[in-house]
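Asks: Contents of target23.cif (mmCIF, C-alpha atoms):
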```
data_input
#
loop_
_atom_site.label_atom_id
_atom_site.label_comp_id
_atom_site.auth_asym_id
_atom_site.auth_seq_id
_atom_site.Cartn_x
_atom_site.Cartn_y
_atom_site.Cartn_z
CA MET A 1 113.74 50.80 188.72
CA SER A 2 113.56 52.77 185.54
CA GLU A 3 110.10 53.61 184.25
CA ARG A 4 110.45 51.21 181.34
CA ALA A 5 111.48 48.25 183.49
CA ARG A 6 108.12 46.95 184.70
CA PHE A 7 107.49 43.66 186.47
CA ASP A 8 103.94 42.43 185.92
CA GLU A 9 104.48 38.71 186.45
CA ARG A 10 102.20 36.61 188.67
CA HIS A 11 104.88 33.95 189.28
CA LEU A 12 108.55 33.38 188.47
CA LEU A 13 108.62 29.91 186.92
CA ALA A 14 111.21 30.25 184.15
CA ILE A 15 113.40 32.70 182.29
CA GLU A 16 112.26 31.40 178.92
CA GLY A 17 109.35 33.57 177.87
CA LEU A 18 110.08 36.22 180.51
CA ARG A 19 109.93 39.76 179.15
CA LYS A 20 113.14 41.78 179.02
CA ASP A 21 111.45 44.46 181.13
CA SER A 22 110.72 41.94 183.88
CA ILE A 23 114.34 40.78 183.92
CA LEU A 24 115.62 44.35 184.13
CA ALA A 25 113.06 45.17 186.83
CA VAL A 26 114.47 42.41 189.03
CA LEU A 27 118.09 43.43 188.41
CA ASP A 28 117.33 47.09 189.10
CA ALA A 29 115.30 46.33 192.23
CA ALA A 30 118.14 44.15 193.56
CA GLU A 31 120.58 47.08 193.63
CA PRO A 32 119.19 48.81 196.74
CA PHE A 33 118.61 45.43 198.42
CA PHE A 34 122.28 44.61 197.83
CA ASP A 35 123.13 47.71 199.86
CA VAL A 36 120.69 46.64 202.61
CA SER A 37 122.64 43.41 203.04
CA ARG A 38 125.80 45.40 203.75
CA ARG A 39 124.31 47.58 206.46
CA SER A 40 124.85 46.99 210.17
CA VAL A 41 121.08 46.40 210.47
CA ARG A 42 120.22 44.20 207.51
CA LYS A 43 116.45 44.52 207.56
CA VAL A 44 113.68 46.56 205.95
CA PRO A 45 109.93 46.43 206.74
CA THR A 46 108.93 45.95 203.11
CA LEU A 47 107.07 42.62 203.46
CA ARG A 48 105.95 42.86 207.07
CA GLY A 49 102.81 40.77 207.50
CA LYS A 50 103.52 38.60 204.42
CA THR A 51 104.26 34.86 204.62
CA VAL A 52 106.86 33.02 202.55
CA ILE A 53 107.05 29.22 202.56
CA ASN A 54 110.20 27.53 201.24
CA LEU A 55 109.21 24.05 200.06
CA PHE A 56 112.36 22.11 199.19
CA TYR A 57 112.18 18.54 197.91
CA GLU A 58 115.89 18.59 196.98
CA ALA A 59 118.97 19.30 199.04
CA SER A 60 120.25 22.86 198.89
CA THR A 61 122.60 25.14 200.79
CA ARG A 62 122.92 28.43 198.90
CA THR A 63 119.44 28.65 197.38
CA ARG A 64 117.47 27.70 200.47
CA THR A 65 119.56 29.80 202.84
CA SER A 66 119.48 32.85 200.59
CA PHE A 67 115.69 32.63 200.14
CA GLU A 68 115.30 32.36 203.91
CA LEU A 69 117.58 35.34 204.50
CA ALA A 70 115.85 37.28 201.72
CA GLY A 71 112.44 36.81 203.28
CA LYS A 72 113.62 37.64 206.79
CA ARG A 73 115.51 40.73 205.67
CA LEU A 74 112.26 41.92 204.11
CA SER A 75 110.53 41.30 207.49
CA ALA A 76 108.31 38.52 206.09
CA ASP A 77 107.34 35.48 208.14
CA VAL A 78 109.40 32.64 206.66
CA VAL A 79 108.68 28.92 207.05
CA ASN A 80 111.10 26.27 205.75
CA ILE A 81 109.80 22.83 204.82
CA SER A 82 112.18 20.03 203.90
CA VAL A 83 110.85 16.85 202.32
CA SER A 84 112.76 14.75 204.86
CA THR A 85 110.70 16.26 207.69
CA SER A 86 107.40 16.66 205.86
CA SER A 87 104.40 14.41 205.32
CA ALA A 88 105.83 13.49 201.93
CA VAL A 89 107.83 10.77 203.68
CA LYS A 90 104.48 9.31 204.75
CA GLY A 91 103.25 9.22 201.16
CA GLU A 92 101.50 12.57 200.87
CA THR A 93 101.32 13.69 197.25
CA LEU A 94 102.63 17.02 196.01
CA LEU A 95 99.04 18.08 195.25
CA ASP A 96 97.88 17.36 198.80
CA THR A 97 100.90 19.15 200.24
CA VAL A 98 100.08 22.21 198.15
CA LYS A 99 96.39 22.09 199.15
CA ASN A 100 97.31 21.99 202.82
CA LEU A 101 99.79 24.83 202.51
CA GLU A 102 97.24 26.81 200.49
CA ALA A 103 94.84 26.54 203.42
CA MET A 104 97.40 28.38 205.57
CA GLN A 105 97.18 31.46 203.30
CA PRO A 106 100.82 31.96 202.27
CA ASP A 107 101.73 34.86 200.01
CA VAL A 108 104.68 33.20 198.27
CA LEU A 109 105.67 29.55 197.79
CA VAL A 110 109.32 28.98 196.88
CA VAL A 111 109.63 25.48 195.42
CA ARG A 112 112.56 23.23 194.59
CA HIS A 113 111.65 19.82 193.19
CA ALA A 114 113.34 17.00 191.27
CA ALA A 115 110.55 16.88 188.67
CA SER A 116 110.69 19.29 185.75
CA GLY A 117 107.48 21.29 185.69
CA ALA A 118 106.72 20.90 189.39
CA ALA A 119 106.69 24.66 190.02
CA ALA A 120 104.26 25.23 187.14
CA PHE A 121 102.07 22.40 188.47
CA ILE A 122 101.89 24.14 191.84
CA ALA A 123 101.34 27.60 190.35
CA ALA A 124 98.22 26.34 188.58
CA ARG A 125 96.78 25.15 191.90
CA THR A 126 97.44 27.94 194.39
CA ARG A 127 96.53 31.56 194.93
CA ALA A 128 100.03 32.26 196.22
CA ALA A 129 102.81 33.56 194.00
CA VAL A 130 105.20 30.72 193.12
CA VAL A 131 108.95 31.00 192.66
CA ASN A 132 110.77 28.16 190.94
CA ALA A 133 113.93 27.48 192.95
CA GLY A 134 114.96 24.71 190.55
CA ASP A 135 112.83 22.01 188.93
CA GLY A 136 114.54 18.88 187.64
CA THR A 137 116.69 19.65 184.60
CA HIS A 138 114.29 22.36 183.44
CA GLU A 139 115.18 25.78 184.90
CA HIS A 140 116.59 27.72 187.85
CA PRO A 141 115.48 31.28 187.12
CA THR A 142 116.75 33.07 190.23
CA GLN A 143 120.23 31.59 189.67
CA ALA A 144 120.31 33.12 186.19
CA LEU A 145 119.10 36.44 187.59
CA LEU A 146 121.78 36.53 190.28
CA ASP A 147 124.39 35.54 187.69
CA ALA A 148 123.30 38.43 185.47
CA PHE A 149 123.35 40.78 188.45
CA THR A 150 126.91 39.67 189.28
CA ILE A 151 128.05 40.08 185.68
CA ARG A 152 126.52 43.54 185.40
CA ARG A 153 128.19 44.73 188.59
CA ALA A 154 131.56 43.28 187.57
CA LYS A 155 131.56 44.30 183.89
CA GLY A 156 129.22 47.29 183.87
CA ARG A 157 127.02 45.75 181.17
CA ILE A 158 125.74 42.50 179.73
CA GLU A 159 124.99 43.42 176.13
CA GLY A 160 127.77 42.39 173.75
CA LEU A 161 129.68 40.25 176.26
CA GLU A 162 131.02 36.83 175.24
CA VAL A 163 129.95 34.30 177.87
CA ALA A 164 131.32 30.74 177.88
CA ILE A 165 129.19 28.22 179.80
CA CYS A 166 131.19 25.03 180.19
CA GLY A 167 130.67 21.55 181.56
CA ASP A 168 127.67 19.30 182.14
CA VAL A 169 125.21 21.26 180.02
CA LEU A 170 122.94 18.25 179.48
CA HIS A 171 121.80 18.07 183.11
CA SER A 172 122.09 21.77 183.95
CA ARG A 173 118.97 23.80 184.65
CA VAL A 174 121.34 26.70 185.36
CA ALA A 175 122.63 26.58 181.78
CA ARG A 176 119.10 26.61 180.37
CA SER A 177 118.05 29.62 182.41
CA ASN A 178 121.28 31.49 181.73
CA VAL A 179 121.24 31.12 177.96
CA ALA A 180 117.66 32.40 177.85
CA LEU A 181 118.43 35.39 180.06
CA LEU A 182 121.81 36.34 178.62
CA THR A 183 120.70 36.21 175.00
CA THR A 184 117.60 38.26 175.89
CA LEU A 185 119.91 40.93 177.31
CA GLY A 186 122.19 40.87 174.27
CA ALA A 187 125.11 38.72 175.37
CA LYS A 188 126.67 36.08 173.11
CA VAL A 189 126.71 32.61 174.65
CA ARG A 190 129.06 29.73 173.95
CA PHE A 191 128.55 26.22 175.30
CA ALA A 192 131.41 23.77 175.77
CA GLY A 193 131.52 20.23 177.07
CA PRO A 194 131.99 16.58 176.14
CA ARG A 195 129.68 15.54 173.31
CA THR A 196 127.86 13.19 175.70
CA LEU A 197 126.98 16.16 177.91
CA LEU A 198 125.80 18.53 175.16
CA PRO A 199 122.07 18.16 174.43
CA PRO A 200 120.85 18.62 170.87
CA GLY A 201 119.31 21.90 169.80
CA LEU A 202 121.66 24.28 171.62
CA GLU A 203 122.33 26.25 168.44
CA ALA A 204 118.60 26.96 168.19
CA LEU A 205 118.91 28.83 171.49
CA GLY A 206 121.28 31.28 169.84
CA ALA A 207 124.50 29.80 171.21
CA LYS A 208 127.70 28.51 169.67
CA VAL A 209 128.61 24.96 170.66
CA TYR A 210 132.08 23.44 171.16
CA ASP A 211 133.12 19.96 172.18
CA ARG A 212 136.48 21.27 173.37
CA LEU A 213 137.06 23.80 176.13
CA GLU A 214 139.92 25.81 174.62
CA PRO A 215 138.14 27.39 171.60
CA ALA A 216 135.15 28.31 173.75
CA LEU A 217 137.41 30.19 176.16
CA GLU A 218 139.25 32.25 173.56
CA GLY A 219 138.37 35.92 174.03
CA ALA A 220 135.60 35.23 176.55
CA ASP A 221 134.53 38.01 178.93
CA VAL A 222 132.83 35.61 181.33
CA VAL A 223 133.63 31.96 182.03
CA MET A 224 130.91 30.03 183.83
CA MET A 225 131.82 26.51 184.90
CA LEU A 226 129.04 24.02 185.61
CA ARG A 227 129.12 21.32 188.25
CA VAL A 228 129.65 17.77 187.08
CA GLN A 229 126.43 16.25 188.39
CA ARG A 230 127.78 12.92 189.57
CA GLU A 231 124.37 11.87 190.90
CA ARG A 232 122.93 12.00 187.35
CA LEU A 233 125.92 10.52 185.53
CA GLY A 234 126.55 6.93 184.58
CA GLY A 235 129.54 5.32 182.91
CA SER A 236 128.05 6.07 179.51
CA PHE A 237 128.55 9.83 179.99
CA LEU A 238 132.11 10.01 181.33
CA PRO A 239 134.98 7.55 181.65
CA SER A 240 135.92 9.11 185.02
CA THR A 241 135.89 12.45 186.82
CA ARG A 242 139.70 12.42 186.76
CA GLU A 243 139.67 12.18 182.97
CA TYR A 244 137.03 14.90 182.81
CA GLY A 245 139.14 17.23 184.95
CA ARG A 246 142.18 16.64 182.78
CA ILE A 247 140.36 17.55 179.54
CA PHE A 248 137.57 19.92 180.59
CA GLY A 249 138.68 21.33 183.94
CA LEU A 250 139.34 25.08 184.13
CA ASN A 251 142.90 25.74 185.22
CA GLU A 252 145.06 28.85 185.06
CA ALA A 253 146.59 27.88 181.71
CA ARG A 254 143.19 27.48 180.06
CA LEU A 255 141.83 30.63 181.71
CA ALA A 256 144.66 32.56 180.05
CA LEU A 257 142.85 32.00 176.72
CA ALA A 258 140.01 34.27 177.90
CA LYS A 259 140.31 38.04 178.03
CA PRO A 260 142.71 39.36 180.69
CA ASP A 261 139.81 40.88 182.63
CA ALA A 262 137.50 37.87 182.25
CA ILE A 263 135.61 36.81 185.35
CA VAL A 264 135.08 33.23 186.52
CA MET A 265 131.71 32.02 187.80
CA HIS A 266 130.26 28.81 189.24
CA PRO A 267 126.70 28.21 190.53
CA GLY A 268 127.94 25.78 193.18
CA PRO A 269 128.47 23.42 194.75
CA MET A 270 131.92 23.05 193.22
CA ASN A 271 133.79 19.84 192.57
CA ARG A 272 137.25 21.25 193.19
CA GLY A 273 139.86 19.64 190.99
CA VAL A 274 137.20 18.33 188.60
CA GLU A 275 135.48 21.14 186.68
CA ILE A 276 137.56 23.88 188.31
CA ASP A 277 141.05 24.09 189.79
CA PRO A 278 141.22 25.51 193.34
CA ALA A 279 143.74 28.13 192.20
CA VAL A 280 141.13 29.47 189.76
CA ALA A 281 138.16 29.12 192.12
CA ASP A 282 139.97 31.15 194.78
CA GLY A 283 141.90 33.37 192.37
CA PRO A 284 141.61 37.11 191.69
CA ARG A 285 139.28 36.66 188.72
CA SER A 286 136.76 34.53 190.60
CA VAL A 287 133.41 36.13 191.46
CA ILE A 288 131.94 32.92 192.87
CA LEU A 289 131.42 34.35 196.36
CA ASP A 290 130.05 37.54 194.79
CA GLN A 291 127.38 35.34 193.22
CA VAL A 292 126.45 33.99 196.64
CA GLU A 293 126.17 37.51 198.06
CA ALA A 294 124.15 38.65 195.06
CA GLY A 295 121.76 35.75 195.56
CA VAL A 296 120.27 37.27 198.69
CA ALA A 297 119.69 40.68 197.06
CA VAL A 298 118.19 39.22 193.89
CA ARG A 299 115.87 36.93 195.83
CA MET A 300 114.82 39.87 198.02
CA ALA A 301 113.92 41.69 194.80
CA VAL A 302 111.94 38.72 193.47
CA LEU A 303 109.98 38.25 196.72
CA TRP A 304 109.28 41.98 196.93
CA LEU A 305 108.08 42.24 193.34
CA LEU A 306 105.79 39.22 193.73
CA ALA A 307 104.43 39.84 197.23
CA ALA A 308 104.32 43.62 197.69
CA GLU A 309 101.13 45.45 196.91
CA PRO A 310 101.26 47.14 193.45
CA SER A 311 101.23 50.59 195.09
CA GLU A 312 104.32 49.64 197.09
CA ARG A 313 106.38 48.63 194.06
CA VAL A 314 108.40 51.80 193.90
CA PRO A 315 112.19 52.13 193.93
CA SER A 316 113.64 51.55 197.40
CA ALA A 317 115.76 54.25 198.98
#
```
Please lay out the structure from this file as structure tokens.
Replies:
Amino acid sequence: MSERARFDERHLLAIEGLRKDSILAVLDAAEPFFDVSRRSVRKVPTLRGKTVINLFYEASTRTRTSFELAGKRLSADVVNISVSTSSAVKGETLLDTVKNLEAMQPDVLVVRHAASGAAAFIAARTRAAVVNAGDGTHEHPTQALLDAFTIRRAKGRIEGLEVAICGDVLHSRVARSNVALLTTLGAKVRFAGPRTLLPPGLEALGAKVYDRLEPALEGADVVMMLRVQRERLGGSFLPSTREYGRIFGLNEARLALAKPDAIVMHPGPMNRGVEIDPAVADGPRSVILDQVEAGVAVRMAVLWLLAAEPSERVPSA
């Protein structure tokens, strides 16, 4: 980390309101951890003796697995709790769950919950550091951080880049976190999607808004497609996913409107053939799997910055 990039946060609950220095501190700290994940022995003793609990009330593959790997590669003790196997199915409230976990003296609680604000609710009631792994339609801060890390590695910078975020913006916590982070770091953000999936007030976030995909893609350096969240959609939002794919799906012809060296991103899981064509998802400009790899390094950085003793927060070798 550079001397100016300091991380003094108690929790990581949102990107909105996060200092630029804190964002850069995470991105810089993730660089050596990225290298750790490519070694033959993918482990460092950095958080030996610390305990990380992953409390997931929503289904997840990438986020939960990468947080588990991140903690274990830092030598922390990691416990995974899924709502389907917890006392929540017996009626235990979130508050009582947190109180019981608090009694076990964890150092970090990683929380994914369907209710917006759940992570902040927990943070106000525990001594542990809390990481928001996605709360309702509010935010997903570590996804935005790993996206920024991927962009910076692929493009060499973030400032001045044109980033098109396209799809179901209305229900996307990823979009909310990304626009806050990218504009803080000097990128220019464009949103595109059907009018029914574009919430009001996007311009106030410093973004341009389009109700057609093509103009948003013109000259873009980065194209980020968002998942069509079928579980949140009713007939009033979309006539059909087939119609959506025909008008708003990213195919090779539409991608040609972006810059020749533009990269393609997706937070996953993908609806192939709906918001993104398989030829694009698996094509040479896709960095989707790079995002997955970056997720482990970025989450290692977040856990380290939150759980390590202040004297230990020095650049890793």
Asks: Go through A:Val223, A:Gly186, A:Leu170, A:Pro269 and flag the residue nearest Leu202 (chain A), using all atoms listed in the file for the distances.
Replies: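 Checking each of A:Val223, A:Gly186, A:Leu170, A:Pro269 against Leu202 (chain A), counting all atoms listed in the file, the winner is A:Leu170.
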Asks: Can you spell out as a list in words the set of residues that the PyMOL selection byres ((chain A and resi 105) around 10) selects in the structure I just provided?
Replies: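 That selection, the PyMOL selection byres ((chain A and resi 105) around 10), comes back as Lys50, Thr51, Val52, Asn100, Leu101, Glu102, Ala103, Met104, Pro106, Asp107, Val108, Thr126, Arg127 and Ala128 of chain A.
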Asks: Please measure the separation of CA of Ala154 (chain A) and CA of Leu27 (chain A), giving the value in Å to one decimal.
Replies: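 Here the two named atoms are 13.5 Å from each other.
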Asks: For CA of Leu257 (chain A) and CA of Lys188 (chain A), quote the distance in Å rounded to one decimal.
Replies: 17.1 Å
Asks: Quote the spacing between CA of Ala301 (chain A) and CA of Pro141 (chain A) in Å to one decimal place.
Replies: 13.0 Å
Asks: With the PyMOL selection byres ((chain A and resi 162) around 9) as the selection, what would be picked from this file? Answer as number ranges by chain, please.
Replies: A: 158-161, 163-164, 187-190, 219-223
Asks: Around the point (116.0, 45.0, 183.0), in the coordinates given by the file, pick out the residues reaching within 12 Å, counting all atoms listed in the file, and return them as a PyMOL selection string.
Replies: chain A and resi 1-7+18-31+145+148-149+152+157-159+181-182+184-186
Asks: Go ahead and dump the residues you just picked, C-alpha atoms, as a PDB file, keeping the file's coordinate frame.
Replies:
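Output contents, as saved in out_16.pdb:
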```pdb
ATOM      1  CA  MET A   1     113.740  50.800 188.720  1.00  0.00           C
ATOM      2  CA  SER A   2     113.560  52.770 185.540  1.00  0.00           C
ATOM      3  CA  GLU A   3     110.100  53.610 184.250  1.00  0.00           C
ATOM      4  CA  ARG A   4     110.450  51.210 181.340  1.00  0.00           C
ATOM      5  CA  ALA A   5     111.480  48.250 183.490  1.00  0.00           C
ATOM      6  CA  ARG A   6     108.120  46.950 184.700  1.00  0.00           C
ATOM      7  CA  PHE A   7     107.490  43.660 186.470  1.00  0.00           C
ATOM      8  CA  LEU A  18     110.080  36.220 180.510  1.00  0.00           C
ATOM      9  CA  ARG A  19     109.930  39.760 179.150  1.00  0.00           C
ATOM     10  CA  LYS A  20     113.140  41.780 179.020  1.00  0.00           C
ATOM     11  CA  ASP A  21     111.450  44.460 181.130  1.00  0.00           C
ATOM     12  CA  SER A  22     110.720  41.940 183.880  1.00  0.00           C
ATOM     13  CA  ILE A  23     114.340  40.780 183.920  1.00  0.00           C
ATOM     14  CA  LEU A  24     115.620  44.350 184.130  1.00  0.00           C
ATOM     15  CA  ALA A  25     113.060  45.170 186.830  1.00  0.00           C
ATOM     16  CA  VAL A  26     114.470  42.410 189.030  1.00  0.00           C
ATOM     17  CA  LEU A  27     118.090  43.430 188.410  1.00  0.00           C
ATOM     18  CA  ASP A  28     117.330  47.090 189.100  1.00  0.00           C
ATOM     19  CA  ALA A  29     115.300  46.330 192.230  1.00  0.00           C
ATOM     20  CA  ALA A  30     118.140  44.150 193.560  1.00  0.00           C
ATOM     21  CA  GLU A  31     120.580  47.080 193.630  1.00  0.00           C
ATOM     22  CA  LEU A 145     119.100  36.440 187.590  1.00  0.00           C
ATOM     23  CA  ALA A 148     123.300  38.430 185.470  1.00  0.00           C
ATOM     24  CA  PHE A 149     123.350  40.780 188.450  1.00  0.00           C
ATOM     25  CA  ARG A 152     126.520  43.540 185.400  1.00  0.00           C
ATOM     26  CA  ARG A 157     127.020  45.750 181.170  1.00  0.00           C
ATOM     27  CA  ILE A 158     125.740  42.500 179.730  1.00  0.00           C
ATOM     28  CA  GLU A 159     124.990  43.420 176.130  1.00  0.00           C
ATOM     29  CA  LEU A 181     118.430  35.390 180.060  1.00  0.00           C
ATOM     30  CA  LEU A 182     121.810  36.340 178.620  1.00  0.00           C
ATOM     31  CA  THR A 184     117.600  38.260 175.890  1.00  0.00           C
ATOM     32  CA  LEU A 185     119.910  40.930 177.310  1.00  0.00           C
ATOM     33  CA  GLY A 186     122.190  40.870 174.270  1.00  0.00           C
TER      34      GLY A 186
END
```
Asks: A:Val292, A:Val302, A:Leu13, A:Val83: which is nearest Ala124 (chain A), counting only C-alpha atoms?
Replies: A:Leu13
